[in-house]
2 protein chains.
Amino acid sequence: MFSQSPSLGEFDLIQHFFKAESDAMLSEENLPISLGIGDDCALLQTLPNEEIAITSDMLVSGKHFFADTNPEWLGHKALAVNLSDLAAMGAKPLGFTLAIALPEVNSKWLESFSKGLFAIAKTYSCPLIGGDTTAGPLNICITAFGSVPKGKSIRRSGATIGDDIWVSGSVGDARLTLAALRHEIGIEKTDLELIQSRMHQPTPRVHLGIALRDIASAALDISDGLLGDLKHILKASKVDGRVFLAELPKSAYLLQQSEQIQNQFAACGGDDYELCFTAPSTQRETIAQIGHKLNLALTRIGHIQAMKNAESSIELIATDGNLLNEQETATLLKSFDHFA
Amino acid sequence: MFSQSPSLGEFDLIQHFFKAESDAMLSEENLPISLGIGDDCALLQTLPNEEIAITSDMLVSGKHFFADTNPEWLGHKALAVNLSDLAAMGAKPLGFTLAIALPEVNSKWLESFSKGLFAIAKTYSCPLIGGDTTAGPLNICITAFGSVPKGKSIRRSGATIGDDIWVSGSVGDARLTLAALRHEIGIEKTDLELIQSRMHQPTPRVHLGIALRDIASAALDISDGLLGDLKHILKASKVDGRVFLAELPKSAYLLQQSEQIQNQFAACGGDDYELCFTAPSTQRETIAQIGHKLNLALTRIGHIQAMKNAESSIELIATDGNLLNEQETATLLKSFDHFA
């Protein structure tokens, strides 16, 4: 827990730097942290009738980000993906630990990384409360903690037949950015500059998650692709889903691509970090109000139906209104794979 | 949070394996976990008037362990070092997350790693509740959670003048093992086999930590070396310490080495994961009883005194009763350095 021996020199400086930023945040805001960095453990205060939501993500250079990614974006994203998991449970962020392996002590890189990290930490009042620093191939592991009133968490298993399926924001832009950076598709340089934050600096839907506590029957965040992730809800809830491809919310940039790319990126592109959730149809008006209040598009893309087979499945309705057959669905569903 | 896309194949198997072990443990024992692996977050139940202690450690191949280390030992150690941090705060283990980067899917390696991991998890009723699996250079990041009654945590900052300084078990055997494996010293092969568990499979002093809640004024676990770690207590408590080298508890194996090696390994060897703590002298009898009850040696090695200079320091008393001078102390204090 940030407790290296005094001889570490440069690493001490890093730890002191992280600690200074963390201490400043803890002293400025009234947060439920009894003890931050500097002891064997951090101490988190608890409230009566709350549960602690916990999530952990590991980001590896060359797998989850390019080695030359702007470290400020990386600092943002490393925390954002965890806040996104908290959001998907309806949890309010409390704090996080950072364990980081660094190949070398590059103070410029670290300053930039910290800038991005602490900026998003402040936005969501989620302080760094502890962690570990070591030498090794670049690896960033953040574990984040949130608070949710007992019984109010939004799980994947609550979707029921007849529920609407919703998605926040727009989907496919992170995949569009990746495709542009890989030169798989052509895109105007100025457009790329405008959309690349969708991949590099995703916005965790924290306020939406909290607002959905008494509204949504199930939720998750979209990290591996909308349809692949939706399947987790269907499986956990033992139901099927029907999704209308024409209803998937797409940005103006994605709408400039071919229909095939639009559908594939929106339906299966990873790294969007939007929330996909289900809710009874009686909640449509309330959900519209939440979207209005948060200035965030919330789009109904389909509904939940009874299971037809032993395994949960998704029926996809093409833009022309026809049901996609198995072969067409399989082609579309090919998600990205960290090991591919 | 263990939520990869279905196409991941082999990685799915790993996750299901971890999940099966975790689910079994959660169903067998009555643990305060509302939700384990399989959603966006795990959910931890809280009790009134408790605080949650949180610690995170990252173990990197080639830095914290040899690449060919027995994976069963590694699974044990990865959790043990975190349980040791909880112990140092007086916290009772509640659960942990595991984020792991693997260069390849080697089911034999994983089976062995899991065996060690879940064995110690069961010993301390500390279930795996979530995490992440990815491809990448071998890296193991565990974040552990514990419970401690409000105001009862043992911090580094509570040592006061006149307190005794104590250490549990014996110190220096992990360093002795490392020296033997590096052929820096000679040691009988049978002896090495007997002591190497001190380095590879350290015992976190969880029960001792809990027993010391109302007894110790300050505590930490010895990961980087007794004296270097003790300095963290002194610094946090704004006091000096006096330590008698002759009093350091050494195993029969270490006692076979030269006096210089004995002192250096016991005083500065890392990876012991014993607890070093301070307590008022009025607690000596109680501490003796705790040691007796836990069948664990608890040794008084010195005491706390007023600060002489602007920075906290340790006065070392040699075996002959003389105070070590600055040069002698500096030579002894050279701890190991992950970046050296």
# chains A, B, ... in the order shown; residues from 1 in each chain; ligands from 1
call {"tool": "residues_around", "arguments": {"residues": "segment 88-90 of chain A", "least_positions_apart": "6", "cutoff": "12 Å", "atoms": "only C-alpha atoms", "output": "CSV table (one decimal) with all heavy atoms, in the first residue's frame"}}
result
chain,number,residue,atom,x,y,z
A,51,GLU,N,-25.0,-0.9,0.8
A,51,GLU,CA,-24.0,-2.0,0.4
A,51,GLU,C,-22.9,-1.3,-0.4
A,51,GLU,O,-23.1,-0.2,-1.0
A,51,GLU,CB,-24.7,-3.0,-0.5
A,51,GLU,CG,-25.7,-3.8,0.2
A,51,GLU,CD,-26.5,-4.8,-0.6
A,51,GLU,OE1,-27.1,-4.3,-1.6
A,51,GLU,OE2,-26.5,-6.0,-0.3
A,52,ILE,N,-21.7,-1.9,-0.4
A,52,ILE,CA,-20.6,-1.4,-1.1
A,52,ILE,C,-20.4,-2.2,-2.4
A,52,ILE,O,-20.3,-3.4,-2.4
A,52,ILE,CB,-19.3,-1.6,-0.2
A,52,ILE,CG1,-19.4,-1.0,1.2
A,52,ILE,CG2,-18.1,-1.0,-1.0
A,52,ILE,CD1,-19.5,0.5,1.2
A,53,ALA,N,-20.5,-1.5,-3.5
A,53,ALA,CA,-20.3,-2.1,-4.8
A,53,ALA,C,-18.8,-2.0,-5.1
A,53,ALA,O,-18.2,-1.0,-4.9
A,53,ALA,CB,-21.1,-1.3,-5.9
A,54,ILE,N,-18.2,-3.1,-5.6
A,54,ILE,CA,-16.8,-3.2,-5.9
A,54,ILE,C,-16.5,-3.7,-7.3
A,54,ILE,O,-17.1,-4.7,-7.7
A,54,ILE,CB,-16.1,-4.1,-4.9
A,54,ILE,CG1,-16.3,-3.6,-3.4
A,54,ILE,CG2,-14.7,-4.3,-5.2
A,54,ILE,CD1,-15.9,-4.6,-2.4
A,55,THR,N,-15.6,-3.0,-8.0
A,55,THR,CA,-15.3,-3.5,-9.4
A,55,THR,C,-13.8,-3.3,-9.6
A,55,THR,O,-13.2,-2.4,-9.0
A,55,THR,CB,-16.1,-2.7,-10.4
A,55,THR,OG1,-15.7,-3.2,-11.7
A,55,THR,CG2,-15.8,-1.2,-10.4
A,81,VAL,N,-13.6,3.5,-16.8
A,81,VAL,CA,-14.2,2.1,-17.1
A,81,VAL,C,-14.7,1.5,-15.8
A,81,VAL,O,-15.6,0.8,-15.8
A,81,VAL,CB,-13.2,1.2,-17.8
A,81,VAL,CG1,-12.8,1.8,-19.2
A,81,VAL,CG2,-11.9,0.9,-17.0
A,82,ASN,N,-14.0,1.9,-14.7
A,82,ASN,CA,-14.5,1.4,-13.4
A,82,ASN,C,-15.7,2.1,-12.9
A,82,ASN,O,-16.6,1.5,-12.3
A,82,ASN,CB,-13.3,1.5,-12.3
A,82,ASN,CG,-12.3,0.4,-12.5
A,82,ASN,OD1,-12.6,-0.8,-12.1
A,82,ASN,ND2,-11.2,0.7,-13.1
A,145,PHE,N,-14.9,1.6,-5.6
A,145,PHE,CA,-15.9,1.3,-4.6
A,145,PHE,C,-17.0,2.3,-4.7
A,145,PHE,O,-16.8,3.5,-4.9
A,145,PHE,CB,-15.3,1.4,-3.2
A,145,PHE,CG,-13.9,0.8,-3.2
A,145,PHE,CD1,-12.8,1.5,-3.3
A,145,PHE,CD2,-13.8,-0.6,-3.2
A,145,PHE,CE1,-11.5,0.9,-3.3
A,145,PHE,CE2,-12.6,-1.2,-3.2
A,145,PHE,CZ,-11.4,-0.5,-3.3
A,146,GLY,N,-18.2,1.8,-4.6
A,146,GLY,CA,-19.4,2.7,-4.6
A,146,GLY,C,-20.4,2.3,-3.5
A,146,GLY,O,-20.3,1.3,-2.9
A,147,SER,N,-21.3,3.2,-3.3
A,147,SER,CA,-22.3,3.0,-2.3
A,147,SER,C,-23.7,2.9,-3.0
A,147,SER,O,-24.0,3.7,-3.8
A,147,SER,CB,-22.3,4.2,-1.3
A,147,SER,OG,-23.4,4.1,-0.5
A,148,VAL,N,-24.5,1.9,-2.5
A,148,VAL,CA,-25.9,1.8,-3.1
A,148,VAL,C,-26.8,1.4,-1.9
A,148,VAL,O,-26.4,0.5,-1.1
A,148,VAL,CB,-25.9,0.8,-4.3
A,148,VAL,CG1,-25.4,-0.6,-3.9
A,148,VAL,CG2,-27.2,0.8,-4.9
A,149,PRO,N,-27.9,2.0,-1.8
A,149,PRO,CA,-28.8,1.6,-0.7
A,149,PRO,C,-29.2,0.2,-0.8
A,149,PRO,O,-29.3,-0.4,-1.9
A,149,PRO,CB,-30.1,2.5,-0.9
A,149,PRO,CG,-29.6,3.7,-1.7
A,149,PRO,CD,-28.5,3.1,-2.6
A,150,LYS,N,-29.2,-0.5,0.4
A,150,LYS,CA,-29.5,-1.9,0.4
A,150,LYS,C,-30.7,-2.3,-0.4
A,150,LYS,O,-31.8,-1.7,-0.3
A,150,LYS,CB,-29.7,-2.4,1.9
A,150,LYS,CG,-29.4,-3.8,2.2
A,150,LYS,CD,-29.3,-4.1,3.7
A,150,LYS,CE,-27.9,-3.7,4.2
A,150,LYS,NZ,-27.7,-4.1,5.6
A,151,GLY,N,-30.6,-3.3,-1.3
A,151,GLY,CA,-31.7,-3.7,-2.1
A,151,GLY,C,-32.0,-2.9,-3.4
A,151,GLY,O,-32.9,-3.2,-4.1
A,152,LYS,N,-31.2,-1.8,-3.5
A,152,LYS,CA,-31.5,-0.9,-4.7
A,152,LYS,C,-30.5,-1.0,-5.8
A,152,LYS,O,-30.6,-0.3,-6.8
A,152,LYS,CB,-31.4,0.6,-4.2
A,152,LYS,CG,-32.5,1.0,-3.2
A,152,LYS,CD,-33.9,1.1,-3.8
A,152,LYS,CE,-34.9,1.6,-2.8
A,152,LYS,NZ,-36.3,1.5,-3.3
A,153,SER,N,-29.6,-1.9,-5.7
A,153,SER,CA,-28.6,-2.1,-6.8
A,153,SER,C,-29.3,-2.7,-8.1
A,153,SER,O,-30.3,-3.4,-7.9
A,153,SER,CB,-27.5,-3.1,-6.4
A,153,SER,OG,-28.0,-4.3,-6.2
A,154,ILE,N,-28.9,-2.3,-9.2
A,154,ILE,CA,-29.5,-2.7,-10.5
A,154,ILE,C,-28.6,-3.9,-11.0
A,154,ILE,O,-27.5,-3.7,-11.4
A,154,ILE,CB,-29.5,-1.6,-11.5
A,154,ILE,CG1,-30.1,-0.3,-10.9
A,154,ILE,CG2,-30.3,-2.1,-12.7
A,154,ILE,CD1,-29.9,0.9,-11.8
A,155,ARG,N,-29.2,-5.1,-11.0
A,155,ARG,CA,-28.4,-6.3,-11.4
A,155,ARG,C,-28.8,-6.7,-12.8
A,155,ARG,O,-29.7,-6.1,-13.4
A,155,ARG,CB,-28.8,-7.4,-10.4
A,155,ARG,CG,-28.5,-7.0,-9.0
A,155,ARG,CD,-28.6,-8.2,-8.0
A,155,ARG,NE,-28.4,-7.7,-6.6
A,155,ARG,CZ,-28.2,-8.6,-5.6
A,155,ARG,NH1,-28.2,-9.9,-5.9
A,155,ARG,NH2,-28.0,-8.1,-4.4
A,156,ARG,N,-28.0,-7.6,-13.3
A,156,ARG,CA,-28.2,-8.1,-14.7
A,156,ARG,C,-29.4,-9.0,-14.8
A,156,ARG,O,-30.0,-9.3,-15.8
A,156,ARG,CB,-27.0,-8.8,-15.2
A,156,ARG,CG,-25.8,-7.9,-15.3
A,156,ARG,CD,-24.6,-8.6,-15.8
A,156,ARG,NE,-23.4,-7.7,-16.0
A,156,ARG,CZ,-22.3,-8.1,-16.5
A,156,ARG,NH1,-22.1,-9.4,-16.9
A,156,ARG,NH2,-21.3,-7.2,-16.6
A,157,SER,N,-29.8,-9.5,-13.6
A,157,SER,CA,-30.8,-10.6,-13.6
A,157,SER,C,-32.3,-10.2,-13.5
A,157,SER,O,-33.1,-11.1,-13.4
A,157,SER,CB,-30.4,-11.6,-12.5
A,157,SER,OG,-30.4,-10.8,-11.2
A,158,GLY,N,-32.6,-8.9,-13.6
A,158,GLY,CA,-33.9,-8.5,-13.3
A,158,GLY,C,-34.8,-8.3,-14.4
A,158,GLY,O,-36.0,-7.9,-14.3
A,167,VAL,N,-30.8,2.1,-24.4
A,167,VAL,CA,-29.4,2.4,-24.4
A,167,VAL,C,-29.2,3.9,-24.3
A,167,VAL,O,-30.0,4.7,-24.8
A,167,VAL,CB,-28.7,1.8,-25.7
A,167,VAL,CG1,-29.1,2.4,-26.9
A,167,VAL,CG2,-27.2,1.8,-25.5
A,168,SER,N,-28.2,4.3,-23.6
A,168,SER,CA,-27.9,5.7,-23.4
A,168,SER,C,-27.0,6.2,-24.5
A,168,SER,O,-26.2,5.4,-25.1
A,168,SER,CB,-27.2,6.0,-22.0
A,168,SER,OG,-26.0,5.4,-22.0
A,204,PRO,N,-18.4,8.0,-18.1
A,204,PRO,CA,-19.1,7.0,-17.3
A,204,PRO,C,-20.5,7.6,-17.0
A,204,PRO,O,-20.6,8.7,-16.6
A,204,PRO,CB,-18.3,6.8,-16.1
A,204,PRO,CG,-17.5,8.0,-15.9
A,204,PRO,CD,-17.3,8.6,-17.3
A,205,ARG,N,-21.6,6.8,-17.1
A,205,ARG,CA,-22.9,7.3,-16.9
A,205,ARG,C,-23.4,7.2,-15.5
A,205,ARG,O,-24.4,6.6,-15.2
A,205,ARG,CB,-23.9,6.6,-17.9
A,205,ARG,CG,-23.5,6.7,-19.4
A,205,ARG,CD,-23.4,8.2,-19.8
A,205,ARG,NE,-23.2,8.3,-21.3
A,205,ARG,CZ,-23.0,9.4,-21.9
A,205,ARG,NH1,-22.9,10.6,-21.2
A,205,ARG,NH2,-22.8,9.5,-23.2
A,206,VAL,N,-22.6,7.8,-14.6
A,206,VAL,CA,-22.8,7.7,-13.2
A,206,VAL,C,-24.1,8.3,-12.7
A,206,VAL,O,-24.9,7.6,-12.0
A,206,VAL,CB,-21.6,8.4,-12.4
A,206,VAL,CG1,-21.9,8.5,-10.9
A,206,VAL,CG2,-20.3,7.7,-12.7
A,207,HIS,N,-24.4,9.5,-13.2
A,207,HIS,CA,-25.7,10.1,-12.8
A,207,HIS,C,-26.9,9.3,-13.3
A,207,HIS,O,-27.9,9.2,-12.6
A,207,HIS,CB,-25.7,11.6,-13.2
A,207,HIS,CG,-24.6,12.3,-12.7
A,207,HIS,ND1,-24.3,12.5,-11.4
A,207,HIS,CD2,-23.5,13.0,-13.4
A,207,HIS,CE1,-23.1,13.2,-11.2
A,207,HIS,NE2,-22.7,13.5,-12.5
A,208,LEU,N,-26.8,8.8,-14.5
A,208,LEU,CA,-27.9,8.0,-15.1
A,208,LEU,C,-28.1,6.8,-14.2
A,208,LEU,O,-29.2,6.4,-13.9
A,208,LEU,CB,-27.5,7.6,-16.5
A,208,LEU,CG,-28.5,6.7,-17.2
A,208,LEU,CD1,-29.9,7.3,-17.2
A,208,LEU,CD2,-28.1,6.3,-18.6
A,209,GLY,N,-27.0,6.1,-13.9
A,209,GLY,CA,-27.1,4.8,-13.1
A,209,GLY,C,-27.8,5.1,-11.8
A,209,GLY,O,-28.7,4.3,-11.4
A,210,ILE,N,-27.5,6.2,-11.1
A,210,ILE,CA,-28.1,6.5,-9.8
A,210,ILE,C,-29.6,6.8,-10.0
A,210,ILE,O,-30.5,6.4,-9.3
A,210,ILE,CB,-27.4,7.7,-9.1
A,210,ILE,CG1,-26.0,7.2,-8.7
A,210,ILE,CG2,-28.2,8.2,-7.9
A,210,ILE,CD1,-25.1,8.4,-8.3
A,211,ALA,N,-29.9,7.6,-11.1
A,211,ALA,CA,-31.3,7.9,-11.4
A,211,ALA,C,-32.2,6.7,-11.8
A,211,ALA,O,-33.4,6.7,-11.6
A,211,ALA,CB,-31.3,8.9,-12.6
A,212,LEU,N,-31.5,5.7,-12.2
A,212,LEU,CA,-32.3,4.5,-12.7
A,212,LEU,C,-32.5,3.5,-11.6
A,212,LEU,O,-33.2,2.4,-11.8
A,212,LEU,CB,-31.5,3.8,-13.8
A,212,LEU,CG,-31.5,4.5,-15.2
A,212,LEU,CD1,-30.6,3.7,-16.2
A,212,LEU,CD2,-32.9,4.6,-15.8
A,213,ARG,N,-32.0,3.7,-10.3
A,213,ARG,CA,-32.1,2.8,-9.2
A,213,ARG,C,-33.6,2.2,-9.1
A,213,ARG,O,-33.7,1.0,-8.9
A,213,ARG,CB,-31.7,3.4,-7.9
A,213,ARG,CG,-30.3,3.4,-7.6
A,213,ARG,CD,-29.9,4.1,-6.4
A,213,ARG,NE,-28.5,4.4,-6.2
A,213,ARG,CZ,-28.0,5.3,-5.3
A,213,ARG,NH1,-28.8,5.9,-4.5
A,213,ARG,NH2,-26.7,5.5,-5.3
A,214,ASP,N,-34.6,3.1,-9.1
A,214,ASP,CA,-35.9,2.6,-8.9
A,214,ASP,C,-36.7,2.4,-10.2
A,214,ASP,O,-37.9,2.2,-10.1
A,214,ASP,CB,-36.7,3.6,-7.9
A,214,ASP,CG,-36.1,3.5,-6.5
A,214,ASP,OD1,-36.1,2.4,-6.0
A,214,ASP,OD2,-35.7,4.5,-6.0
A,215,ILE,N,-36.0,2.5,-11.3
A,215,ILE,CA,-36.7,2.5,-12.6
A,215,ILE,C,-36.3,1.3,-13.4
A,215,ILE,O,-37.2,0.6,-13.9
A,215,ILE,CB,-36.2,3.8,-13.4
A,215,ILE,CG1,-36.3,5.1,-12.6
A,215,ILE,CG2,-37.0,3.8,-14.7
A,215,ILE,CD1,-37.7,5.4,-12.1
A,216,ALA,N,-35.0,1.0,-13.5
A,216,ALA,CA,-34.5,-0.1,-14.4
A,216,ALA,C,-34.7,-1.4,-13.7
A,216,ALA,O,-34.5,-1.6,-12.5
A,216,ALA,CB,-33.1,0.2,-14.8
A,217,SER,N,-35.0,-2.4,-14.5
A,217,SER,CA,-35.1,-3.8,-14.0
A,217,SER,C,-33.8,-4.5,-14.1
A,217,SER,O,-33.5,-5.5,-13.3
A,217,SER,CB,-36.2,-4.6,-14.7
A,217,SER,OG,-36.0,-4.5,-16.1
A,218,ALA,N,-32.9,-4.1,-15.0
A,218,ALA,CA,-31.6,-4.7,-15.2
A,218,ALA,C,-30.7,-3.7,-15.9
A,218,ALA,O,-31.3,-2.8,-16.6
A,218,ALA,CB,-31.7,-6.0,-16.0
A,219,ALA,N,-29.4,-3.8,-15.7
A,219,ALA,CA,-28.5,-2.8,-16.4
A,219,ALA,C,-27.1,-3.4,-16.5
A,219,ALA,O,-26.7,-4.2,-15.7
A,219,ALA,CB,-28.5,-1.5,-15.7
A,220,LEU,N,-26.3,-2.9,-17.5
A,220,LEU,CA,-24.9,-3.1,-17.5
A,220,LEU,C,-24.3,-2.1,-18.4
A,220,LEU,O,-25.0,-1.3,-19.0
A,220,LEU,CB,-24.5,-4.6,-18.0
A,220,LEU,CG,-25.1,-5.2,-19.2
A,220,LEU,CD1,-24.9,-4.4,-20.5
A,220,LEU,CD2,-24.5,-6.6,-19.4
A,221,ASP,N,-23.0,-2.0,-18.3
A,221,ASP,CA,-22.3,-1.0,-19.2
A,221,ASP,C,-21.7,-1.7,-20.4
A,221,ASP,O,-21.4,-2.9,-20.3
A,221,ASP,CB,-21.2,-0.2,-18.5
A,221,ASP,CG,-20.0,-1.0,-18.1
A,221,ASP,OD1,-20.2,-2.2,-17.7
A,221,ASP,OD2,-18.9,-0.5,-18.2
A,222,ILE,N,-21.7,-1.0,-21.5
A,222,ILE,CA,-21.3,-1.6,-22.8
A,222,ILE,C,-19.8,-1.5,-23.0
A,222,ILE,O,-19.3,-0.4,-23.3
A,222,ILE,CB,-22.0,-1.0,-24.0
A,222,ILE,CG1,-23.5,-1.1,-23.7
A,222,ILE,CG2,-21.6,-1.6,-25.3
A,222,ILE,CD1,-24.4,-0.3,-24.7
A,223,SER,N,-19.1,-2.5,-22.7
A,223,SER,CA,-17.6,-2.5,-22.9
A,223,SER,C,-17.2,-3.4,-24.1
A,223,SER,O,-16.3,-3.0,-24.8
A,223,SER,CB,-16.9,-3.0,-21.6
A,223,SER,OG,-17.4,-4.2,-21.2
A,229,ASP,N,-23.0,-7.6,-24.9
A,229,ASP,CA,-23.2,-7.3,-23.5
A,229,ASP,C,-24.7,-7.5,-23.1
A,229,ASP,O,-25.0,-8.0,-22.0
A,229,ASP,CB,-22.8,-5.9,-23.2
A,229,ASP,CG,-21.2,-5.8,-23.1
A,229,ASP,OD1,-20.6,-6.8,-22.6
A,229,ASP,OD2,-20.7,-4.8,-23.5
A,233,ILE,N,-27.3,-9.8,-19.9
A,233,ILE,CA,-28.6,-9.5,-19.2
A,233,ILE,C,-29.6,-10.6,-19.5
A,233,ILE,O,-30.2,-11.1,-18.6
A,233,ILE,CB,-29.2,-8.1,-19.7
A,233,ILE,CG1,-28.3,-7.0,-19.1
A,233,ILE,CG2,-30.6,-8.0,-19.2
A,233,ILE,CD1,-28.9,-5.6,-19.4
A,273,TYR,N,-19.0,2.3,-23.3
A,273,TYR,CA,-19.3,2.6,-21.9
A,273,TYR,C,-20.6,3.4,-21.8
A,273,TYR,O,-20.7,4.2,-20.9
A,273,TYR,CB,-18.1,3.3,-21.3
A,273,TYR,CG,-16.9,2.4,-21.3
A,273,TYR,CD1,-15.9,2.5,-22.2
A,273,TYR,CD2,-16.9,1.3,-20.4
A,273,TYR,CE1,-14.9,1.5,-22.3
A,273,TYR,CE2,-15.9,0.3,-20.4
A,273,TYR,CZ,-14.9,0.5,-21.4
A,273,TYR,OH,-13.9,-0.5,-21.4
A,274,GLU,N,-21.5,3.1,-22.7
A,274,GLU,CA,-22.9,3.6,-22.4
A,274,GLU,C,-23.6,2.6,-21.6
A,274,GLU,O,-23.0,1.5,-21.4
A,274,GLU,CB,-23.6,3.7,-23.8
A,274,GLU,CG,-23.1,4.8,-24.7
A,274,GLU,CD,-23.3,6.2,-24.2
A,274,GLU,OE1,-24.0,6.4,-23.2
A,274,GLU,OE2,-22.7,7.1,-24.8
A,275,LEU,N,-24.7,2.9,-21.0
A,275,LEU,CA,-25.5,1.9,-20.2
A,275,LEU,C,-26.6,1.3,-21.1
A,275,LEU,O,-27.2,2.0,-21.9
A,275,LEU,CB,-26.2,2.6,-19.0
A,275,LEU,CG,-25.3,3.1,-17.9
A,275,LEU,CD1,-26.1,3.4,-16.7
A,275,LEU,CD2,-24.2,2.1,-17.5
A,276,CYS,N,-26.7,0.0,-21.0
A,276,CYS,CA,-27.8,-0.7,-21.6
A,276,CYS,C,-28.7,-1.2,-20.5
A,276,CYS,O,-28.2,-1.8,-19.5
A,276,CYS,CB,-27.3,-1.9,-22.5
A,276,CYS,SG,-28.6,-2.9,-23.1
A,277,PHE,N,-30.0,-0.9,-20.5
A,277,PHE,CA,-30.8,-1.3,-19.4
A,277,PHE,C,-32.2,-1.6,-19.9
A,277,PHE,O,-32.6,-1.3,-21.0
A,277,PHE,CB,-30.9,-0.1,-18.3
A,277,PHE,CG,-31.4,1.2,-18.8
A,277,PHE,CD1,-32.8,1.5,-18.6
A,277,PHE,CD2,-30.6,2.1,-19.5
A,277,PHE,CE1,-33.3,2.7,-19.0
A,277,PHE,CE2,-31.1,3.3,-19.9
A,277,PHE,CZ,-32.4,3.6,-19.7
A,278,THR,N,-32.9,-2.3,-19.0
A,278,THR,CA,-34.3,-2.7,-19.3
A,278,THR,C,-35.2,-2.1,-18.2
A,278,THR,O,-34.8,-1.8,-17.1
A,278,THR,CB,-34.5,-4.2,-19.3
A,278,THR,OG1,-34.1,-4.7,-17.9
A,278,THR,CG2,-33.6,-4.9,-20.3
B,1,MET,N,-15.3,-6.7,-15.1
B,1,MET,CA,-15.6,-7.6,-14.0
B,1,MET,C,-16.0,-9.0,-14.5
B,1,MET,O,-17.1,-9.4,-14.4
B,1,MET,CB,-16.8,-7.0,-13.1
B,1,MET,CG,-16.4,-5.8,-12.4
B,1,MET,SD,-15.3,-6.1,-11.0
B,1,MET,CE,-16.3,-7.0,-9.8
B,35,LEU,N,-23.5,-10.2,-3.4
B,35,LEU,CA,-23.4,-10.6,-4.8
B,35,LEU,C,-21.9,-10.8,-5.1
B,35,LEU,O,-21.1,-10.0,-4.9
B,35,LEU,CB,-24.0,-9.4,-5.7
B,35,LEU,CG,-24.1,-9.7,-7.2
B,35,LEU,CD1,-25.2,-10.7,-7.4
B,35,LEU,CD2,-24.6,-8.4,-7.9
B,39,ASP,N,-21.6,-10.0,-12.2
B,39,ASP,CA,-22.3,-8.8,-12.6
B,39,ASP,C,-21.3,-7.7,-12.8
B,39,ASP,O,-20.1,-7.9,-12.9
B,39,ASP,CB,-23.3,-8.4,-11.4
B,39,ASP,CG,-24.6,-7.8,-12.0
B,39,ASP,OD1,-24.5,-6.8,-12.7
B,39,ASP,OD2,-25.7,-8.3,-11.7
B,40,ASP,N,-21.8,-6.4,-12.9
B,40,ASP,CA,-20.8,-5.3,-13.2
B,40,ASP,C,-20.0,-5.1,-11.9
B,40,ASP,O,-18.8,-4.7,-12.0
B,40,ASP,CB,-21.5,-4.1,-13.6
B,40,ASP,CG,-22.2,-4.2,-14.9
B,40,ASP,OD1,-21.4,-4.1,-15.9
B,40,ASP,OD2,-23.4,-4.5,-15.0
B,41,CYS,N,-20.5,-5.3,-10.7
B,41,CYS,CA,-19.8,-5.1,-9.5
B,41,CYS,C,-20.2,-6.3,-8.5
B,41,CYS,O,-21.2,-6.9,-8.7
B,41,CYS,CB,-20.3,-3.8,-8.8
B,41,CYS,SG,-19.8,-2.3,-9.6
B,42,ALA,N,-19.4,-6.5,-7.6
B,42,ALA,CA,-19.7,-7.3,-6.4
B,42,ALA,C,-20.4,-6.4,-5.4
B,42,ALA,O,-20.2,-5.2,-5.4
B,42,ALA,CB,-18.5,-8.0,-5.8
B,43,LEU,N,-21.2,-7.0,-4.5
B,43,LEU,CA,-21.8,-6.2,-3.4
B,43,LEU,C,-21.4,-6.8,-2.1
B,43,LEU,O,-21.6,-8.0,-1.8
B,43,LEU,CB,-23.3,-6.2,-3.6
B,43,LEU,CG,-23.9,-5.5,-4.8
B,43,LEU,CD1,-25.4,-5.7,-5.0
B,43,LEU,CD2,-23.7,-3.9,-4.6
call {"tool": "select_by_dssp", "arguments": {"residues": "segment 95-328 of chain A", "states": "strand (DSSP E or B)", "output": "ChimeraX atom specification"}}
result
/A:95-102,128-135,139-149,164-168,218-221,240-244,275-279,298-305,314-317,323
call {"tool": "closest_residue", "arguments": {"among": "A:Cys268, A:Leu178, A:Leu94, A:Met58", "to": "Gly136 of chain B", "atoms": "only C-alpha atoms"}}
result
A:Met58
call {"tool": "residues_around", "arguments": {"residues": "Asp191 of chain B", "least_positions_apart": "2", "cutoff": "12 Å", "atoms": "only C-alpha atoms", "output": "list of chain:residue names"}}
result
B:Asp173, B:Leu176, B:Thr177, B:Ala180, B:Gly186, B:Ile187, B:Glu188, B:Lys189, B:Glu193, B:Leu194, B:Ile195, B:Gln196, B:Ser197, B:Arg198, B:Ser251, B:Ala252, B:Tyr253, B:Leu254, B:Gln256
call {"tool": "atom_distance", "arguments": {"atom1": "atom CA of Gln15 of chain B", "atom2": "atom CA of Ala135 of chain A"}}
result
27.2 Å
call {"tool": "residues_around", "arguments": {"residues": "Met307 of chain A", "least_positions_apart": "2", "cutoff": "6 Å", "atoms": "only C-alpha atoms", "output": "JSON, numbers by chain"}}
result
{"A": [239, 240, 309]}
call {"tool": "atom_distance", "arguments": {"atom1": "atom CA of Trp109 of chain A", "atom2": "atom CA of Ala67 of chain A"}}
result
11.7 Å
call {"tool": "closest_residue", "arguments": {"among": "B:Ser56, B:Gln289, B:Asn295, B:Thr46", "to": "Asp132 of chain A", "atoms": "only C-alpha atoms"}}
result
B:Ser56
call {"tool": "closest_residue", "arguments": {"among": "A:Gly116, A:Gly36, A:Pro93, A:Gly172", "to": "Leu255 of chain A", "atoms": "only C-alpha atoms"}}
result
A:Gly172
